[in-house]
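As provided, final_14.cif (mmCIF, C-alpha atoms) reads as follows.
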data_structure
loop_
_atom_site.group_PDB
_atom_site.id
_atom_site.type_symbol
_atom_site.label_atom_id
_atom_site.label_comp_id
_atom_site.auth_asym_id
_atom_site.auth_seq_id
_atom_site.Cartn_x
_atom_site.Cartn_y
_atom_site.Cartn_z
ATOM 1 C CA MET A 1450 0.000 0.000 0.000
ATOM 2 C CA ILE A 1451 1.087 3.513 -0.687
ATOM 3 C CA ALA A 1452 0.921 5.846 2.295
ATOM 4 C CA PHE A 1453 0.310 9.565 1.834
ATOM 5 C CA ASN A 1454 1.512 12.064 4.418
ATOM 6 C CA PHE A 1455 -0.316 15.376 4.517
ATOM 7 C CA ASN A 1456 -0.398 18.209 7.021
ATOM 8 C CA VAL A 1457 -4.000 18.235 8.130
ATOM 9 C CA LYS A 1458 -5.454 21.687 8.683
ATOM 10 C CA GLY A 1459 -6.609 22.519 12.185
ATOM 11 C CA GLN A 1460 -10.038 23.432 10.880
ATOM 12 C CA SER A 1461 -10.416 20.732 8.199
ATOM 13 C CA GLU A 1462 -13.820 20.641 6.569
ATOM 14 C CA SER A 1463 -16.107 17.754 5.723
ATOM 15 C CA SER A 1464 -19.053 17.741 3.386
ATOM 16 C CA PHE A 1465 -21.635 15.149 2.412
ATOM 17 C CA GLY A 1466 -23.908 14.797 -0.579
ATOM 18 C CA ILE A 1467 -25.828 12.708 -3.065
ATOM 19 C CA LYS A 1468 -25.049 11.862 -6.675
ATOM 20 C CA GLY A 1469 -26.522 10.048 -9.607
ATOM 21 C CA GLY A 1470 -26.440 9.725 -13.353
ATOM 22 C CA ALA A 1471 -25.932 7.418 -16.314
ATOM 23 C CA ASN A 1472 -23.633 4.412 -16.404
ATOM 24 C CA PHE A 1473 -22.257 2.837 -19.568
ATOM 25 C CA THR A 1474 -20.745 -0.588 -18.858
ATOM 26 C CA PHE A 1475 -18.534 -2.351 -21.375
ATOM 27 C CA PHE A 1476 -18.630 -6.146 -21.381
ATOM 28 C CA LYS A 1477 -16.585 -8.584 -23.475
ATOM 29 C CA VAL A 1478 -13.533 -6.368 -23.202
ATOM 30 C CA PRO A 1479 -10.069 -7.911 -22.801
ATOM 31 C CA GLU A 1480 -8.603 -7.498 -19.341
ATOM 32 C CA GLY A 1481 -7.411 -3.916 -18.715
ATOM 33 C CA ALA A 1482 -8.250 -2.676 -22.240
ATOM 34 C CA PHE A 1483 -10.909 -0.640 -24.024
ATOM 35 C CA GLY A 1484 -11.580 -3.299 -26.710
ATOM 36 C CA THR A 1485 -12.469 -2.852 -30.368
ATOM 37 C CA SER A 1486 -16.170 -3.776 -30.289
ATOM 38 C CA PRO A 1487 -17.375 -4.058 -26.700
ATOM 39 C CA GLU A 1488 -20.938 -4.928 -25.780
ATOM 40 C CA THR A 1489 -22.301 -1.836 -23.996
ATOM 41 C CA VAL A 1490 -25.140 -1.810 -21.465
ATOM 42 C CA THR A 1491 -26.633 1.497 -20.283
ATOM 43 C CA GLY A 1492 -27.948 1.928 -16.761
ATOM 44 C CA ILE A 1493 -28.272 4.379 -13.905
ATOM 45 C CA TYR A 1494 -26.601 4.925 -10.543
ATOM 46 C CA VAL A 1495 -27.553 6.719 -7.323
ATOM 47 C CA GLY A 1496 -25.755 7.093 -4.042
ATOM 48 C CA GLY A 1497 -23.937 9.299 -1.640
ATOM 49 C CA PHE A 1498 -20.487 10.672 -0.942
ATOM 50 C CA ALA A 1499 -18.433 12.286 1.780
ATOM 51 C CA ASP A 1500 -15.536 14.688 1.228
ATOM 52 C CA PHE A 1501 -12.912 14.980 3.970
ATOM 53 C CA GLU A 1502 -10.540 17.892 3.360
ATOM 54 C CA MET A 1503 -6.881 17.202 4.175
ATOM 55 C CA ASP A 1504 -5.371 20.529 3.058
ATOM 56 C CA ASP A 1505 -6.148 23.294 0.565
ATOM 57 C CA ASN A 1506 -5.805 21.058 -2.517
ATOM 58 C CA PHE A 1507 -6.249 17.454 -1.314
ATOM 59 C CA SER A 1508 -9.164 15.552 0.164
ATOM 60 C CA VAL A 1509 -10.385 11.973 0.526
ATOM 61 C CA GLN A 1510 -13.773 11.255 -1.039
ATOM 62 C CA PRO A 1511 -15.388 7.862 -0.324
ATOM 63 C CA GLU A 1512 -18.627 7.061 -2.134
ATOM 64 C CA LEU A 1513 -21.321 4.399 -2.014
ATOM 65 C CA LEU A 1514 -23.294 3.902 -5.244
ATOM 66 C CA TYR A 1515 -26.061 1.496 -6.244
ATOM 67 C CA ILE A 1516 -25.883 0.637 -9.947
ATOM 68 C CA VAL A 1517 -28.704 -0.833 -12.067
ATOM 69 C CA LEU A 1518 -27.913 -2.246 -15.535
ATOM 70 C CA ASN A 1519 -31.067 -3.965 -16.818
ATOM 71 C CA ASP A 1520 -31.288 -7.063 -14.567
ATOM 72 C CA PHE A 1521 -27.660 -6.701 -13.437
ATOM 73 C CA ASN A 1522 -27.194 -4.814 -10.127
ATOM 74 C CA PHE A 1523 -24.184 -4.065 -7.962
ATOM 75 C CA ILE A 1524 -22.795 -1.801 -5.260
ATOM 76 C CA ASN A 1525 -19.777 0.353 -6.099
ATOM 77 C CA ALA A 1526 -17.668 1.865 -3.292
ATOM 78 C CA PRO A 1527 -14.777 3.945 -4.637
ATOM 79 C CA ILE A 1528 -12.299 5.595 -2.277
ATOM 80 C CA TYR A 1529 -10.788 8.596 -4.039
ATOM 81 C CA LEU A 1530 -7.810 10.796 -3.416
ATOM 82 C CA LYS A 1531 -9.104 14.124 -4.737
ATOM 83 C CA TYR A 1532 -6.827 16.883 -6.010
ATOM 84 C CA GLN A 1533 -8.166 20.381 -6.725
ATOM 85 C CA VAL A 1534 -6.493 21.512 -9.955
ATOM 86 C CA GLY A 1535 -8.233 24.886 -10.201
ATOM 87 C CA ASN A 1536 -10.994 26.790 -8.448
ATOM 88 C CA SER A 1537 -13.717 24.524 -9.846
ATOM 89 C CA PHE A 1538 -11.895 21.539 -11.406
ATOM 90 C CA ASN A 1539 -10.873 18.348 -9.551
ATOM 91 C CA LEU A 1540 -9.062 15.109 -10.412
ATOM 92 C CA LEU A 1541 -9.906 11.931 -8.484
ATOM 93 C CA VAL A 1542 -8.129 8.572 -8.472
ATOM 94 C CA GLY A 1543 -8.422 5.458 -6.369
ATOM 95 C CA PRO A 1544 -9.573 1.891 -5.946
ATOM 96 C CA SER A 1545 -13.170 0.912 -6.464
ATOM 97 C CA LEU A 1546 -14.635 -1.931 -4.401
ATOM 98 C CA ASN A 1547 -17.590 -3.692 -6.012
ATOM 99 C CA TYR A 1548 -20.128 -6.263 -4.876
ATOM 100 C CA PHE A 1549 -22.045 -7.912 -7.718
ATOM 101 C CA PHE A 1550 -25.437 -9.344 -6.687
ATOM 102 C CA ASP A 1551 -25.946 -11.425 -9.838
ATOM 103 C CA PHE A 1552 -22.755 -13.519 -9.871
ATOM 104 C CA PHE A 1553 -22.866 -17.030 -8.368
ATOM 105 C CA THR A 1554 -19.151 -16.942 -7.452
ATOM 106 C CA ASN A 1555 -16.533 -14.216 -7.085
ATOM 107 C CA LYS A 1556 -19.079 -11.540 -6.229
ATOM 108 C CA PHE A 1557 -16.436 -9.137 -4.897
ATOM 109 C CA LYS A 1558 -14.265 -7.319 -7.473
ATOM 110 C CA VAL A 1559 -11.738 -4.490 -7.320
ATOM 111 C CA ARG A 1560 -11.406 -1.911 -10.084
ATOM 112 C CA GLY A 1561 -9.351 1.236 -10.556
ATOM 113 C CA ASP A 1562 -11.130 4.563 -11.052
ATOM 114 C CA LEU A 1563 -10.016 7.780 -12.703
ATOM 115 C CA ALA A 1564 -12.458 10.689 -12.452
ATOM 116 C CA THR A 1565 -12.895 14.422 -12.893
ATOM 117 C CA SER A 1566 -15.453 16.812 -11.474
ATOM 118 C CA TYR A 1567 -16.336 20.400 -12.249
ATOM 119 C CA GLU A 1568 -18.175 22.538 -9.688
ATOM 120 C CA LEU A 1569 -21.011 24.378 -11.389
ATOM 121 C CA THR A 1570 -21.902 26.095 -8.084
ATOM 122 C CA ASN A 1571 -20.707 25.707 -4.468
ATOM 123 C CA ASN A 1572 -23.149 22.802 -4.009
ATOM 124 C CA LEU A 1573 -23.612 21.321 -7.511
ATOM 125 C CA ASN A 1574 -21.020 19.516 -9.619
ATOM 126 C CA ILE A 1575 -20.886 17.506 -12.798
ATOM 127 C CA HIS A 1576 -18.608 14.483 -12.818
ATOM 128 C CA ILE A 1577 -17.310 11.813 -15.157
ATOM 129 C CA LYS A 1578 -15.340 8.707 -14.218
ATOM 130 C CA TYR A 1579 -13.918 5.655 -15.909
ATOM 131 C CA ALA A 1580 -13.707 2.418 -13.933
ATOM 132 C CA LEU A 1581 -11.180 -0.079 -15.268
ATOM 133 C CA GLY A 1582 -11.743 -3.751 -14.439
ATOM 134 C CA PHE A 1583 -8.650 -5.826 -13.690
ATOM 135 C CA GLU A 1584 -10.235 -9.205 -14.403
ATOM 136 C CA GLU A 1585 -11.988 -10.298 -17.581
ATOM 137 C CA ILE A 1586 -15.269 -10.834 -15.732
ATOM 138 C CA THR A 1587 -15.060 -7.359 -14.154
ATOM 139 C CA PRO A 1588 -16.631 -4.928 -16.626
ATOM 140 C CA ASN A 1589 -15.221 -1.488 -17.399
ATOM 141 C CA GLY A 1590 -17.590 1.437 -16.929
ATOM 142 C CA LEU A 1591 -18.102 5.094 -17.794
ATOM 143 C CA PHE A 1592 -20.148 7.187 -15.347
ATOM 144 C CA ILE A 1593 -21.553 10.658 -16.124
ATOM 145 C CA GLY A 1594 -23.705 12.489 -13.590
ATOM 146 C CA LEU A 1595 -24.398 15.233 -11.091
ATOM 147 C CA GLY A 1596 -23.478 15.580 -7.429
ATOM 148 C CA LEU A 1597 -25.212 17.752 -4.855
ATOM 149 C CA LYS A 1598 -23.598 18.742 -1.527
ATOM 150 C CA LEU A 1599 -26.142 18.784 1.282
#
Take the structure from the file and write it as structure tokens.
Amino acid sequence: MIAFNFNVKGQSESSFGIKGGANFTFFKVPEGAFGTSPETVTGIYVGGFADFEMDDNFSVQPELLYIVLNDFNFINAPIYLKYQVGNSFNLLVGPSLNYFFDFFTNKFKVRGDLATSYELTNNLNIHIKYALGFEEITPNGLFIGLGLKL
């Protein structure tokens, strides 16, 4: 594991919110690749997030999302290291823990996520993320949606 050492501000801030949007999942893709002709399934996701500020530019943002893809449902729990690039633009990276309800075996999968978010207002953001599966049975996914700080 990689350990990060940050100077935590005395008055660090936390925020919580909800998010949701569209999910495009790519099946039949070789392990760790985009593929030439993947089978794509479109679904939706809803969930919540927390944002724990570590300093002026870094925070940790865990999320818990419920994803519905036709009859295929799973829980996605990414844990992001978030870096504020500009006043309204953020980069997020981290592992994504997944529990698939519809698999008979190997229901737990780990993926890697790379995401961006843009703050439209102080409480509303638009985000996009790509989740890369590390096993052939773990699908890759593209998420596009909105987040609202409560």
What does the PyMOL selection byres ((chain A and resi 1521-1527) around 7) select in this file, as JSON, numbers by chain?
{"A": [1511, 1512, 1513, 1514, 1515, 1516, 1517, 1518, 1519, 1520, 1528, 1529, 1543, 1544, 1545, 1546, 1547, 1548, 1549, 1550, 1551]}
Length of the CA of Ser1464 (chain A) to CA of Leu1591 (chain A) vector [Å]
24.7 Å
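Using all atoms listed in the file, the smallest distance between any of A:Ala1499, A:Leu1595, A:Ile1577, A:Val1509 and Gly1469 (chain A) comes from A:Leu1595.
Minimum atom-to-atom distance to Glu1568 (chain A), evaluated using all atoms listed in the file, belongs to A:Ser1537 out of A:Pro1588, A:Lys1556, A:Ser1537, A:Val1542.
With all atoms listed in the file as the atoms that count, the residue of A:Asn1472, A:Gln1533, A:Gln1510, A:Thr1491 with the shortest distance to Lys1578 (chain A) is A:Asn1472.
The space between CA of Leu1599 (chain A) and CA of Thr1570 (chain A) spans 12.6 Å.
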Could you state which residues are captured by the PyMOL selection byres ((chain A and resi 1567) around 12) in this file, as an NGL selection string?
:A and (1532-1541 or 1564-1566 or 1568-1578 or 1593-1597)
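Interatomic distance, CA of Gly1466 (chain A) against CA of Phe1501 (chain A): 11.9 Å.
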Within 9 Å of Tyr1579 (chain A), counting all atoms listed in the file, which residues qualify if same-chain residues fewer than 3 places away don't, as a ChimeraX atom specification?
/A:1561-1564,1589-1592
Please return region 1526-1537 of chain A, rebuilt to all heavy atoms, as a compact mmCIF listing (two decimals), in the coordinates of the input.
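Saved file out-v1.txt follows:
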# COMPACT_ATOMS: atom_id res chain seq x y z
N ALA A 1526 -18.16 1.04 -4.40
CA ALA A 1526 -17.67 1.86 -3.29
C ALA A 1526 -16.25 2.34 -3.59
O ALA A 1526 -15.28 1.75 -3.13
CB ALA A 1526 -17.72 1.08 -1.99
N PRO A 1527 -16.11 3.41 -4.38
CA PRO A 1527 -14.78 3.94 -4.64
C PRO A 1527 -14.27 4.76 -3.44
O PRO A 1527 -15.06 5.32 -2.68
CB PRO A 1527 -14.98 4.85 -5.85
CG PRO A 1527 -16.41 5.22 -5.82
CD PRO A 1527 -17.14 4.09 -5.15
N ILE A 1528 -12.95 4.78 -3.30
CA ILE A 1528 -12.30 5.60 -2.28
C ILE A 1528 -11.27 6.44 -3.02
O ILE A 1528 -10.24 5.94 -3.45
CB ILE A 1528 -11.62 4.72 -1.21
CG1 ILE A 1528 -12.64 3.79 -0.58
CG2 ILE A 1528 -10.95 5.61 -0.15
CD1 ILE A 1528 -12.03 2.70 0.25
N TYR A 1529 -11.59 7.72 -3.20
CA TYR A 1529 -10.79 8.60 -4.04
C TYR A 1529 -9.83 9.47 -3.24
O TYR A 1529 -10.19 9.98 -2.17
CB TYR A 1529 -11.68 9.54 -4.85
CG TYR A 1529 -12.53 8.87 -5.87
CD1 TYR A 1529 -13.90 9.04 -5.87
CD2 TYR A 1529 -11.97 8.07 -6.85
CE1 TYR A 1529 -14.70 8.44 -6.82
CE2 TYR A 1529 -12.76 7.46 -7.80
CZ TYR A 1529 -14.13 7.65 -7.78
OH TYR A 1529 -14.90 7.04 -8.72
N LEU A 1530 -8.67 9.70 -3.81
CA LEU A 1530 -7.81 10.80 -3.42
C LEU A 1530 -8.15 11.90 -4.41
O LEU A 1530 -8.04 11.72 -5.63
CB LEU A 1530 -6.33 10.43 -3.50
CG LEU A 1530 -5.37 11.56 -3.16
CD1 LEU A 1530 -5.58 12.02 -1.71
CD2 LEU A 1530 -3.94 11.11 -3.37
N LYS A 1531 -8.61 13.03 -3.89
CA LYS A 1531 -9.10 14.12 -4.74
C LYS A 1531 -8.11 15.28 -4.70
O LYS A 1531 -7.69 15.71 -3.63
CB LYS A 1531 -10.47 14.58 -4.20
CG LYS A 1531 -11.13 15.67 -4.97
CD LYS A 1531 -12.50 15.93 -4.34
CE LYS A 1531 -13.17 17.16 -4.88
NZ LYS A 1531 -14.46 17.40 -4.20
N TYR A 1532 -7.75 15.76 -5.89
CA TYR A 1532 -6.83 16.88 -6.01
C TYR A 1532 -7.53 18.02 -6.73
O TYR A 1532 -8.05 17.84 -7.83
CB TYR A 1532 -5.58 16.46 -6.78
CG TYR A 1532 -4.61 17.60 -7.03
CD1 TYR A 1532 -3.94 18.20 -5.97
CD2 TYR A 1532 -4.39 18.07 -8.32
CE1 TYR A 1532 -3.06 19.25 -6.20
CE2 TYR A 1532 -3.52 19.11 -8.55
CZ TYR A 1532 -2.86 19.70 -7.50
OH TYR A 1532 -1.99 20.74 -7.73
N GLN A 1533 -7.55 19.20 -6.11
CA GLN A 1533 -8.17 20.38 -6.72
C GLN A 1533 -7.15 21.05 -7.64
O GLN A 1533 -6.16 21.62 -7.18
CB GLN A 1533 -8.64 21.36 -5.65
CG GLN A 1533 -9.37 22.54 -6.22
CD GLN A 1533 -9.91 23.45 -5.12
OE1 GLN A 1533 -9.95 23.09 -3.95
NE2 GLN A 1533 -10.34 24.63 -5.51
N VAL A 1534 -7.40 20.96 -8.96
CA VAL A 1534 -6.49 21.51 -9.96
C VAL A 1534 -6.67 23.02 -10.07
O VAL A 1534 -5.71 23.77 -10.13
CB VAL A 1534 -6.72 20.85 -11.33
CG1 VAL A 1534 -5.85 21.46 -12.40
CG2 VAL A 1534 -6.51 19.35 -11.24
N GLY A 1535 -7.92 23.46 -10.10
CA GLY A 1535 -8.23 24.89 -10.20
C GLY A 1535 -9.36 25.21 -9.23
O GLY A 1535 -9.73 24.38 -8.40
N ASN A 1536 -9.91 26.39 -9.35
CA ASN A 1536 -10.99 26.79 -8.45
C ASN A 1536 -12.20 25.87 -8.51
O ASN A 1536 -12.85 25.62 -7.52
CB ASN A 1536 -11.44 28.23 -8.75
CG ASN A 1536 -10.41 29.23 -8.29
OD1 ASN A 1536 -9.61 28.94 -7.41
ND2 ASN A 1536 -10.42 30.40 -8.90
N SER A 1537 -12.51 25.34 -9.69
CA SER A 1537 -13.72 24.52 -9.85
C SER A 1537 -13.45 23.14 -10.41
O SER A 1537 -14.38 22.36 -10.58
CB SER A 1537 -14.70 25.25 -10.78
OG SER A 1537 -15.06 26.49 -10.23
